[in-house]
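Asks: Have a peek at data-v4.pdb (PDB, C-alpha atoms).
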```pdb
ATOM      1  CA  MET A 292      -3.232  -2.022 -23.559
ATOM      2  CA  SER A 293      -3.688   1.639 -22.546
ATOM      3  CA  SER A 294      -3.858   3.100 -19.028
ATOM      4  CA  LYS A 295      -7.592   3.570 -19.505
ATOM      5  CA  GLU A 296      -8.077  -0.084 -20.430
ATOM      6  CA  ARG A 297      -5.984  -1.296 -17.499
ATOM      7  CA  LEU A 298      -7.897   0.876 -15.034
ATOM      8  CA  ASN A 299     -11.235  -0.173 -16.536
ATOM      9  CA  ARG A 300     -10.285  -3.819 -16.188
ATOM     10  CA  ALA A 301      -9.206  -3.337 -12.573
ATOM     11  CA  TYR A 302     -12.476  -1.549 -11.822
ATOM     12  CA  SER A 303     -14.627  -4.212 -13.480
ATOM     13  CA  LYS A 304     -12.925  -7.031 -11.547
ATOM     14  CA  ALA A 305     -12.606  -5.202  -8.222
ATOM     15  CA  LYS A 306     -13.659  -6.866  -5.006
ATOM     16  CA  ILE A 307     -16.722  -5.151  -3.485
ATOM     17  CA  VAL A 308     -16.463  -4.382   0.236
ATOM     18  CA  PRO A 309     -19.628  -2.879   1.734
ATOM     19  CA  PHE A 310     -19.248  -0.189   4.383
ATOM     20  CA  ASN A 311     -21.272   2.439   6.247
ATOM     21  CA  ASP A 312     -20.681   5.416   8.500
ATOM     22  CA  SER A 313     -19.716   3.175  11.416
ATOM     23  CA  SER A 314     -16.954   1.458   9.407
ATOM     24  CA  LYS A 315     -13.318   2.318  10.082
ATOM     25  CA  PHE A 316     -10.457   1.775   7.635
ATOM     26  CA  ILE A 317      -6.775   2.693   7.611
ATOM     27  CA  LEU A 318      -5.063   2.720   4.218
ATOM     28  CA  PHE A 319      -1.304   2.428   3.896
ATOM     29  CA  SER A 320       0.752   1.616   0.810
ATOM     30  CA  ASP A 321       4.324   1.487  -0.433
ATOM     31  CA  CYS A 322       5.774   0.046   2.753
ATOM     32  CA  HIS A 323       8.461  -1.693   0.680
ATOM     33  CA  ARG A 324       9.234  -4.029   3.558
ATOM     34  CA  GLY A 325      12.713  -5.429   2.917
ATOM     35  CA  ASP A 326      15.334  -7.663   4.519
ATOM     36  CA  ASN A 327      16.689  -5.084   7.015
ATOM     37  CA  SER A 328      19.782  -4.515   4.885
ATOM     38  CA  PHE A 329      21.159  -1.077   3.951
ATOM     39  CA  ALA A 330      18.792  -1.105   0.952
ATOM     40  CA  ASP A 331      15.696  -1.658   3.132
ATOM     41  CA  ASP A 332      13.852   1.684   3.055
ATOM     42  CA  PHE A 333      11.178   0.373   5.428
ATOM     43  CA  ALA A 334      13.592  -0.468   8.242
ATOM     44  CA  LYS A 335      14.063   3.126   9.398
ATOM     45  CA  ASN A 336      10.304   3.580   9.891
ATOM     46  CA  ARG A 337       9.536   0.081  11.167
ATOM     47  CA  ASN A 338       8.858   1.154  14.756
ATOM     48  CA  ILE A 339       6.613   4.033  13.643
ATOM     49  CA  TYR A 340       4.650   1.705  11.371
ATOM     50  CA  PHE A 341       4.303  -0.993  14.019
ATOM     51  CA  HIS A 342       3.091   1.505  16.632
ATOM     52  CA  ALA A 343       0.563   3.005  14.206
ATOM     53  CA  LEU A 344      -0.742  -0.376  13.072
ATOM     54  CA  LYS A 345      -1.120  -1.505  16.684
ATOM     55  CA  TYR A 346      -3.154   1.634  17.390
ATOM     56  CA  TYR A 347      -5.494   0.828  14.496
ATOM     57  CA  PHE A 348      -5.818  -2.810  15.547
ATOM     58  CA  ASN A 349      -6.725  -1.841  19.113
ATOM     59  CA  ASN A 350      -9.275   0.689  17.827
ATOM     60  CA  ASP A 351     -11.133  -1.742  15.549
ATOM     61  CA  PHE A 352      -9.986  -0.410  12.167
ATOM     62  CA  GLU A 353      -9.806  -2.610   9.096
ATOM     63  CA  TYR A 354      -6.428  -2.520   7.351
ATOM     64  CA  ILE A 355      -6.208  -2.006   3.593
ATOM     65  CA  GLU A 356      -2.772  -2.116   1.973
ATOM     66  CA  LEU A 357      -2.710  -0.480  -1.454
ATOM     67  CA  GLY A 358       0.218  -2.349  -2.977
ATOM     68  CA  ASP A 359       4.007  -2.511  -2.738
ATOM     69  CA  GLY A 360       3.756  -3.757   0.829
ATOM     70  CA  ASP A 361       6.675  -6.140   0.356
ATOM     71  CA  GLU A 362       9.799  -5.261  -1.616
ATOM     72  CA  LEU A 363       9.978  -8.244  -3.942
ATOM     73  CA  TRP A 364      12.046  -6.559  -6.615
ATOM     74  CA  GLU A 365      15.150  -6.114  -4.498
ATOM     75  CA  ASN A 366      14.562  -9.329  -2.541
ATOM     76  CA  HIS A 367      14.239 -12.741  -4.165
ATOM     77  CA  ARG A 368      12.391 -14.466  -1.342
ATOM     78  CA  PHE A 369       9.571 -13.412   0.970
ATOM     79  CA  GLU A 370      11.093 -15.482   3.769
ATOM     80  CA  SER A 371      13.990 -13.043   4.227
ATOM     81  CA  ILE A 372      11.509 -10.163   4.549
ATOM     82  CA  PHE A 373       9.384 -12.125   7.023
ATOM     83  CA  LEU A 374      12.367 -12.885   9.265
ATOM     84  CA  ALA A 375      13.498  -9.247   9.193
ATOM     85  CA  HIS A 376      10.091  -7.894  10.272
ATOM     86  CA  LYS A 377       8.397 -10.817  11.983
ATOM     87  CA  ASN A 378       6.713  -8.662  14.651
ATOM     88  CA  VAL A 379       5.052  -6.585  11.927
ATOM     89  CA  PHE A 380       3.791  -9.663  10.090
ATOM     90  CA  MET A 381       2.443 -11.220  13.275
ATOM     91  CA  LEU A 382       0.404  -8.060  13.833
ATOM     92  CA  ILE A 383      -0.866  -8.182  10.241
ATOM     93  CA  ARG A 384      -1.856 -11.787  10.941
ATOM     94  CA  GLN A 385      -4.067 -10.573  13.807
ATOM     95  CA  PHE A 386      -5.998  -8.384  11.356
ATOM     96  CA  HIS A 387      -6.356 -11.398   9.062
ATOM     97  CA  LEU A 388      -7.661 -13.657  11.829
ATOM     98  CA  GLN A 389     -10.420 -11.130  12.550
ATOM     99  CA  ASN A 390     -11.318 -10.671   8.849
ATOM    100  CA  ARG A 391     -10.063  -7.085   8.969
ATOM    101  CA  LEU A 392      -7.311  -7.391   6.345
ATOM    102  CA  HIS A 393      -7.573  -6.410   2.662
ATOM    103  CA  MET A 394      -4.482  -6.608   0.452
ATOM    104  CA  ILE A 395      -3.856  -5.139  -3.012
ATOM    105  CA  TRP A 396      -0.821  -5.942  -5.118
ATOM    106  CA  GLY A 397       1.388  -3.301  -6.722
ATOM    107  CA  ASN A 398       4.263  -3.464  -9.165
ATOM    108  CA  HIS A 399       6.899  -4.331  -6.545
ATOM    109  CA  ASP A 400       4.827  -7.231  -5.205
ATOM    110  CA  MET A 401       3.059  -8.124  -8.451
ATOM    111  CA  VAL A 402       3.922 -11.789  -7.896
ATOM    112  CA  TYR A 403       1.026 -11.785  -5.422
ATOM    113  CA  LYS A 404      -1.428 -11.651  -8.330
ATOM    114  CA  ASN A 405      -0.671 -15.373  -8.617
ATOM    115  CA  PRO A 406      -2.777 -17.205  -5.973
ATOM    116  CA  GLU A 407      -0.374 -20.152  -6.046
ATOM    117  CA  TYR A 408       2.544 -17.899  -5.088
ATOM    118  CA  VAL A 409       0.536 -16.434  -2.204
ATOM    119  CA  LYS A 410      -0.470 -19.893  -1.016
ATOM    120  CA  LYS A 411       3.084 -21.213  -1.196
ATOM    121  CA  HIS A 412       4.737 -18.330   0.644
ATOM    122  CA  LEU A 413       2.062 -16.842   2.912
ATOM    123  CA  ASP A 414      -0.196 -19.678   4.053
ATOM    124  CA  TYR A 415       2.407 -20.984   6.513
ATOM    125  CA  TYR A 416       5.702 -19.969   8.054
ATOM    126  CA  PHE A 417       8.428 -22.048   9.662
ATOM    127  CA  ASP A 418       8.846 -21.575  13.421
ATOM    128  CA  SER A 419      12.513 -22.286  14.118
ATOM    129  CA  VAL A 420      11.931 -22.372  17.893
ATOM    130  CA  GLU A 421       9.329 -25.132  17.773
ATOM    131  CA  ASP A 422      10.819 -26.619  14.590
ATOM    132  CA  CYS A 423       7.512 -26.829  12.746
ATOM    133  CA  GLU A 424       5.302 -25.014  10.270
ATOM    134  CA  LYS A 425       2.534 -22.765  11.591
ATOM    135  CA  GLU A 426      -0.392 -21.036   9.957
ATOM    136  CA  PHE A 427       0.319 -17.503   8.810
ATOM    137  CA  LEU A 428      -2.059 -15.766   6.370
ATOM    138  CA  ASN A 429      -3.867 -18.926   5.376
ATOM    139  CA  GLY A 430      -6.516 -18.281   2.714
ATOM    140  CA  LEU A 431      -5.519 -14.675   2.028
ATOM    141  CA  LYS A 432      -6.240 -13.406  -1.472
ATOM    142  CA  TYR A 433      -4.567 -10.367  -3.009
ATOM    143  CA  GLU A 434      -6.673  -8.124  -5.243
ATOM    144  CA  GLU A 435      -5.802  -5.723  -8.039
ATOM    145  CA  ALA A 436      -8.493  -3.343  -6.828
ATOM    146  CA  ILE A 437     -11.183  -2.961  -4.176
ATOM    147  CA  ILE A 438     -14.394  -0.945  -4.281
ATOM    148  CA  LEU A 439     -15.701   0.281  -0.949
ATOM    149  CA  LYS A 440     -19.440   0.662  -1.533
ATOM    150  CA  HIS A 441     -21.551   2.577   0.967
ATOM    151  CA  SER A 442     -24.541   0.529   2.045
ATOM    152  CA  ASP A 443     -26.832   3.552   2.390
ATOM    153  CA  THR A 444     -25.752   6.090  -0.231
ATOM    154  CA  GLY A 445     -24.348   3.687  -2.842
ATOM    155  CA  GLN A 446     -21.207   5.838  -3.117
ATOM    156  CA  GLU A 447     -18.173   3.967  -4.434
ATOM    157  CA  LEU A 448     -14.553   4.454  -3.396
ATOM    158  CA  PHE A 449     -12.172   2.854  -5.889
ATOM    159  CA  LEU A 450      -8.905   1.625  -4.364
ATOM    160  CA  THR A 451      -5.924   0.370  -6.340
ATOM    161  CA  HIS A 452      -2.158   0.773  -6.411
ATOM    162  CA  GLY A 453      -2.084   3.155  -9.384
ATOM    163  CA  HIS A 454       0.625   1.563 -11.508
ATOM    164  CA  GLN A 455      -2.039   0.801 -14.111
ATOM    165  CA  ALA A 456      -1.293   4.348 -15.335
ATOM    166  CA  ASP A 457       2.431   3.595 -15.545
ATOM    167  CA  TRP A 458       3.016   1.425 -18.620
ATOM    168  CA  TRP A 459       6.609   0.492 -17.743
ATOM    169  CA  ASN A 460       5.890  -0.577 -14.160
ATOM    170  CA  TYR A 461       2.747  -2.486 -15.146
ATOM    171  CA  SER A 462       3.547  -4.167 -18.450
ATOM    172  CA  PHE A 463       7.324  -4.460 -18.068
ATOM    173  CA  TRP A 464       7.578  -4.991 -14.316
ATOM    174  CA  ARG A 465       9.778  -8.067 -14.793
ATOM    175  CA  TRP A 466      12.355  -5.923 -16.615
ATOM    176  CA  GLY A 467      12.065  -3.341 -13.854
ATOM    177  CA  ARG A 468      12.629  -6.021 -11.230
ATOM    178  CA  PHE A 469      15.674  -7.311 -13.117
ATOM    179  CA  LEU A 470      17.228  -3.842 -13.327
ATOM    180  CA  VAL A 471      16.596  -3.157  -9.642
ATOM    181  CA  ARG A 472      18.145  -6.438  -8.554
ATOM    182  CA  VAL A 473      21.291  -6.294 -10.678
ATOM    183  CA  LEU A 474      21.861  -2.538 -10.884
ATOM    184  CA  TRP A 475      19.913  -0.222  -8.620
ATOM    185  CA  LYS A 476      19.962  -2.193  -5.374
ATOM    186  CA  PRO A 477      23.795  -2.197  -5.180
ATOM    187  CA  LEU A 478      23.882   1.470  -6.169
ATOM    188  CA  GLN A 479      21.143   2.334  -3.657
ATOM    189  CA  VAL A 480      23.550   1.488  -0.847
ATOM    190  CA  TRP A 481      25.699   4.359  -2.159
ATOM    191  CA  GLY A 482      22.748   6.728  -2.433
ATOM    192  CA  THR A 483      21.815   6.401  -6.122
ATOM    193  CA  ALA A 484      18.040   6.405  -6.724
ATOM    194  CA  ASP A 485      16.177   4.273  -9.266
ATOM    195  CA  PRO A 486      15.186   6.689 -12.087
ATOM    196  CA  THR A 487      12.397   4.382 -13.339
ATOM    197  CA  SER A 488      10.385   4.943 -10.157
ATOM    198  CA  PRO A 489       7.751   7.723 -10.386
ATOM    199  CA  ALA A 490       8.377   8.384  -6.695
ATOM    200  CA  ARG A 491      11.846   9.661  -7.660
ATOM    201  CA  ASN A 492      11.036  11.074 -11.082
ATOM    202  CA  TYR A 493       8.783  14.132 -10.964
ATOM    203  CA  ILE A 494       8.032  14.122 -14.695
ATOM    204  CA  GLU A 495       6.836  10.500 -14.585
ATOM    205  CA  LEU A 496       4.899  11.211 -11.392
ATOM    206  CA  LYS A 497       2.921  13.983 -13.063
ATOM    207  CA  LYS A 498       2.208  11.799 -16.096
ATOM    208  CA  VAL A 499       0.810   9.023 -13.877
ATOM    209  CA  GLU A 500      -1.400  11.462 -11.969
ATOM    210  CA  ARG A 501      -2.630  13.078 -15.199
ATOM    211  CA  ARG A 502      -3.648   9.725 -16.699
ATOM    212  CA  ILE A 503      -5.539   8.682 -13.560
ATOM    213  CA  LYS A 504      -7.284  12.057 -13.345
ATOM    214  CA  LYS A 505      -8.444  11.731 -16.949
ATOM    215  CA  TRP A 506      -9.849   8.275 -16.195
ATOM    216  CA  ILE A 507     -11.612   9.567 -13.060
ATOM    217  CA  LEU A 508     -13.377  12.249 -15.079
ATOM    218  CA  GLU A 509     -14.506   9.655 -17.608
ATOM    219  CA  LYS A 510     -15.913   7.678 -14.668
ATOM    220  CA  LYS A 511     -17.975  10.736 -13.623
ATOM    221  CA  SER A 512     -15.591  11.848 -10.868
ATOM    222  CA  LEU A 513     -15.290   8.487  -9.140
ATOM    223  CA  LEU A 514     -13.492   8.935  -5.795
ATOM    224  CA  THR A 515     -10.209   7.093  -6.298
ATOM    225  CA  ILE A 516      -7.439   6.332  -3.799
ATOM    226  CA  VAL A 517      -4.018   5.150  -4.976
ATOM    227  CA  GLY A 518      -0.398   4.882  -3.897
ATOM    228  CA  HIS A 519       2.581   4.204  -6.218
ATOM    229  CA  THR A 520       3.919   7.753  -6.582
ATOM    230  CA  HIS A 521       4.570   8.152  -2.823
ATOM    231  CA  ARG A 522       3.163  11.699  -3.032
ATOM    232  CA  PRO A 523       0.246  12.314  -0.622
ATOM    233  CA  ARG A 524      -2.799  13.918  -2.256
ATOM    234  CA  PHE A 525      -5.994  15.208  -0.655
ATOM    235  CA  PRO A 526      -8.209  17.200  -3.044
ATOM    236  CA  GLU A 527     -10.876  19.644  -1.944
ATOM    237  CA  PRO A 528     -14.542  18.907  -2.748
ATOM    238  CA  GLY A 529     -15.208  20.028  -6.329
ATOM    239  CA  GLU A 530     -11.697  19.106  -7.477
ATOM    240  CA  ILE A 531     -10.887  15.869  -9.288
ATOM    241  CA  PRO A 532     -11.208  13.293  -6.452
ATOM    242  CA  LEU A 533      -7.804  11.625  -6.779
ATOM    243  CA  PHE A 534      -6.416  10.770  -3.342
ATOM    244  CA  ASN A 535      -3.003   9.301  -2.576
ATOM    245  CA  ASP A 536      -2.051   7.877   0.806
ATOM    246  CA  GLY A 537       1.656   8.618   0.316
ATOM    247  CA  SER A 538       4.019   5.938   1.595
ATOM    248  CA  CYS A 539       5.652   4.381   4.628
ATOM    249  CA  VAL A 540       9.175   5.238   3.461
ATOM    250  CA  HIS A 541       9.161   9.007   3.908
ATOM    251  CA  PRO A 542      12.138  10.304   5.900
ATOM    252  CA  ARG A 543      11.269   9.708   9.584
ATOM    253  CA  SER A 544       7.511   9.448   8.998
ATOM    254  CA  ILE A 545       4.715   7.476   7.361
ATOM    255  CA  THR A 546       1.481   8.744   5.832
ATOM    256  CA  GLY A 547      -1.877   7.109   5.301
ATOM    257  CA  ILE A 548      -5.584   7.717   4.814
ATOM    258  CA  GLU A 549      -8.242   7.110   7.452
ATOM    259  CA  ILE A 550     -11.917   6.543   6.674
ATOM    260  CA  GLU A 551     -14.131   6.846   9.744
ATOM    261  CA  ASN A 552     -17.597   8.176  10.642
ATOM    262  CA  GLY A 553     -18.351   8.787   6.967
ATOM    263  CA  THR A 554     -15.303  11.036   6.603
ATOM    264  CA  ILE A 555     -11.855  10.814   5.031
ATOM    265  CA  CYS A 556      -8.600  12.358   6.233
ATOM    266  CA  LEU A 557      -4.883  12.253   5.456
ATOM    267  CA  ILE A 558      -2.686  11.487   8.462
ATOM    268  CA  LYS A 559       0.999  11.280   9.321
ATOM    269  CA  TRP A 560       2.753   9.323  12.056
ATOM    270  CA  GLN A 561       6.159  10.617  13.107
ATOM    271  CA  ILE A 562       8.653  10.750  15.952
ATOM    272  CA  ALA A 563       8.441  13.935  18.037
ATOM    273  CA  SER A 564      10.260  15.046  21.171
ATOM    274  CA  LYS A 565       8.629  15.998  24.451
ATOM    275  CA  ASP A 566       9.708  19.003  26.501
ATOM    276  CA  ASP A 567      11.882  16.751  28.650
ATOM    277  CA  GLY A 568      13.751  15.486  25.603
ATOM    278  CA  THR A 569      12.207  12.017  25.427
ATOM    279  CA  LEU A 570      10.876  10.816  22.116
ATOM    280  CA  GLN A 571       7.368   9.659  21.269
ATOM    281  CA  ILE A 572       5.464   8.520  18.186
ATOM    282  CA  VAL A 573       2.592  10.864  17.424
ATOM    283  CA  ARG A 574      -0.282  10.990  14.955
ATOM    284  CA  LYS A 575      -0.919  14.223  13.065
ATOM    285  CA  VAL A 576      -3.857  15.072  10.810
ATOM    286  CA  LEU A 577      -2.549  16.677   7.612
ATOM    287  CA  GLU A 578      -5.834  17.185   5.730
ATOM    288  CA  GLY A 579      -9.490  16.718   6.633
ATOM    289  CA  PRO A 580     -11.553  15.152   7.975
ATOM    290  CA  GLN A 581     -13.888  15.775   5.049
ATOM    291  CA  LYS A 582     -17.291  14.149   4.538
ATOM    292  CA  LEU A 583     -17.239  11.469   1.859
ATOM    293  CA  VAL A 584     -20.632  12.607   0.531
ATOM    294  CA  ASP A 585     -18.989  15.919  -0.398
ATOM    295  CA  TYR A 586     -17.180  13.988  -3.145
ATOM    296  CA  GLN A 587     -20.201  12.034  -4.349
ATOM    297  CA  SER A 588     -20.688  12.522  -8.076
TER     298      SER A 588
END
```
Spell out the structure here as structure tokens.
Replies:
Amino acid sequence: MSSKERLNRAYSKAKIVPFNDSSKFILFSDCHRGDNSFADDFAKNRNIYFHALKYYFNNDFEYIELGDGDELWENHRFESIFLAHKNVFMLIRQFHLQNRLHMIWGNHDMVYKNPEYVKKHLDYYFDSVEDCEKEFLNGLKYEEAIILKHSDTGQELFLTHGHQADWWNYSFWRWGRFLVRVLWKPLQVWGTADPTSPARNYIELKKVERRIKKWILEKKSLLTIVGHTHRPRFPEPGEIPLFNDGSCVHPRSITGIEIENGTICLIKWQIASKDDGTLQIVRKVLEGPQKLVDYQS
């Protein structure tokens, strides 16, 4: 199956989420939440991510995660990830309880495409203090893609992870997981990067972006937002509308995309120092805000 066929299938089966100019969404992807070991790339940005997500929860945003939220290539069991970042997951649960959580699976958490796996591992968690099981993300369903459809203009925003344009990481993800577990995870501790990842391979990154751009043009310039490559993208109106929210494993920062008041913008959360030398977590707008209608085909 070609990249075009995989993207077409994801689009045809995408969950439709209606929205309007009063809707507010924050999109993050590629958190790669791990077990807090030396190989856990998320651990160094955990406090930044938690602070940012709490800000969005308190300000009535809906949270959309565009895949690779949990690092289930390096880690065999979700439970070890949950225990390492329980405060983060409890905050995600608050979004879920208010019907403000939308989850998409990527190649590193592709096991979530199986509803039975999600039910088994995410419906409940074991509370060791009270020695009993408690509800966690009961009833959550992971999607391959989501279409945000504007209630007034009919404009569609297509959201997916983006690995549909990466034949190895889509069709042979089990081989990729095997190689990461037995080879690259031990070497990662010593600083060796996984060469199969487009985030660390510029040639593969460009190929993935080129395939998605070609598909977007065939879809009459459908506004598309992906992750996967970890490279933030924010095109100008008139350019091919391929957006990328970046990742949550940048050095000392995380990036994401906000949709609010009928606009879209690329943001970064990072640690900055005040004049007195104390540190704070701050939000910075990198690109935008730009009106969504400016990208309407």
Asks: Excluding Ser371 of chain A and its own-chain neighbours fewer than 4 positions away, which residues fall within 10 Å of it when counting only C-alpha atoms? Please give them as a ChimeraX atom specification.
Replies: /A:325-327,366-367,375-377
Asks: Skipping near chain neighbours, those fewer than 6 positions away, what residues fall within 12 Å of Asn378 of chain A using only C-alpha atoms, listed as a compact mmCIF listing (two decimals) with C-alpha atoms, keeping the file's coordinate frame?
Replies:
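Result file is part.txt:
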```txt
# COMPACT_ATOMS: atom_id res chain seq x y z
CA ARG A 337 9.54 0.08 11.17
CA ASN A 338 8.86 1.15 14.76
CA TYR A 340 4.65 1.70 11.37
CA PHE A 341 4.30 -0.99 14.02
CA HIS A 342 3.09 1.50 16.63
CA LEU A 344 -0.74 -0.38 13.07
CA LYS A 345 -1.12 -1.50 16.68
CA ILE A 372 11.51 -10.16 4.55
CA ARG A 384 -1.86 -11.79 10.94
CA GLN A 385 -4.07 -10.57 13.81
```
Asks: For the atom pair atom CA of Cys423 of chain A and atom CA of Tyr408 of chain A, what is the interatomic distance in Å to one decimal place?
Replies: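 Calculated distance between atom CA of Cys423 of chain A and atom CA of Tyr408 of chain A is 20.6 Å.
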Asks: Counting all atoms listed in the file, which residue out of A:His393, A:Lys582, A:Arg502, A:Arg543 sits closest to Asp332 of chain A?
Replies: A:Arg543
Asks: Go ahead and fit an axis-aligned box to every listed atom of segment 435-448 of chain A plus 4 Å each side, and pass me the centre and edge lengths in Å, one decimal, as JSON.
Replies:
```
{"center_x": -16.3, "center_y": 0.2, "center_z": -2.8, "size_x": 29.0, "size_y": 19.8, "size_z": 18.4}
```
Asks: Nearest to Leu470 of chain A among A:Gly453, A:Ile572, A:Glu421, A:Trp364, with distances taken over all atoms listed in the file: which residue is it?
Replies: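 Closest to Leu470 of chain A of all the choices is A:Trp364.
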Asks: Report, in Å to a single decimal, how far apart atom CA of Lys410 of chain A and atom CA of Phe373 of chain A are.
Replies: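 Calculated distance between atom CA of Phe373 of chain A and atom CA of Lys410 of chain A is 14.9 Å.
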Asks: I need the residue set behind the PyMOL selection byres ((chain A and resi 535) around 6) for this file; please write it as a ChimeraX atom specification.
Replies: /A:516-518,523-524,534,536-537
Asks: Mind telling me what the PyMOL selection byres ((chain A and resi 355) around 7) catches here, as an MDAnalysis selection string?
Replies: chainID A and resid 316:319 353:354 356:357 392:394
Asks: Could you tell me, as a PyMOL selection string, exactly which residues end up selected when the PyMOL selection byres ((chain A and resi 551-563) around 8) is applied to this structure?
Replies: chain A and resi 311-316+339-340+343+523+525+536+543-550+564-565+570-584
Asks: For His519 of chain A, which residue among A:Trp396, A:Phe427, A:Phe333, A:Phe386 is the nearest when counting all atoms listed in the file?
Replies: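 Nearest to His519 of chain A: A:Trp396.
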Asks: I'd like the interatomic distance between atom CA of Leu533 of chain A and atom CA of Thr515 of chain A, to a tenth of an Å.
Replies: 5.2 Å
Asks: Which residue out of A:Val540, A:Met292, A:Leu298, A:Ile395 has the minimum interatomic distance to Arg522 of chain A when all atoms listed in the file are used?
Replies: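 Checking each of A:Val540, A:Met292, A:Leu298, A:Ile395 against Arg522 of chain A, counting all atoms listed in the file, the winner is A:Val540.
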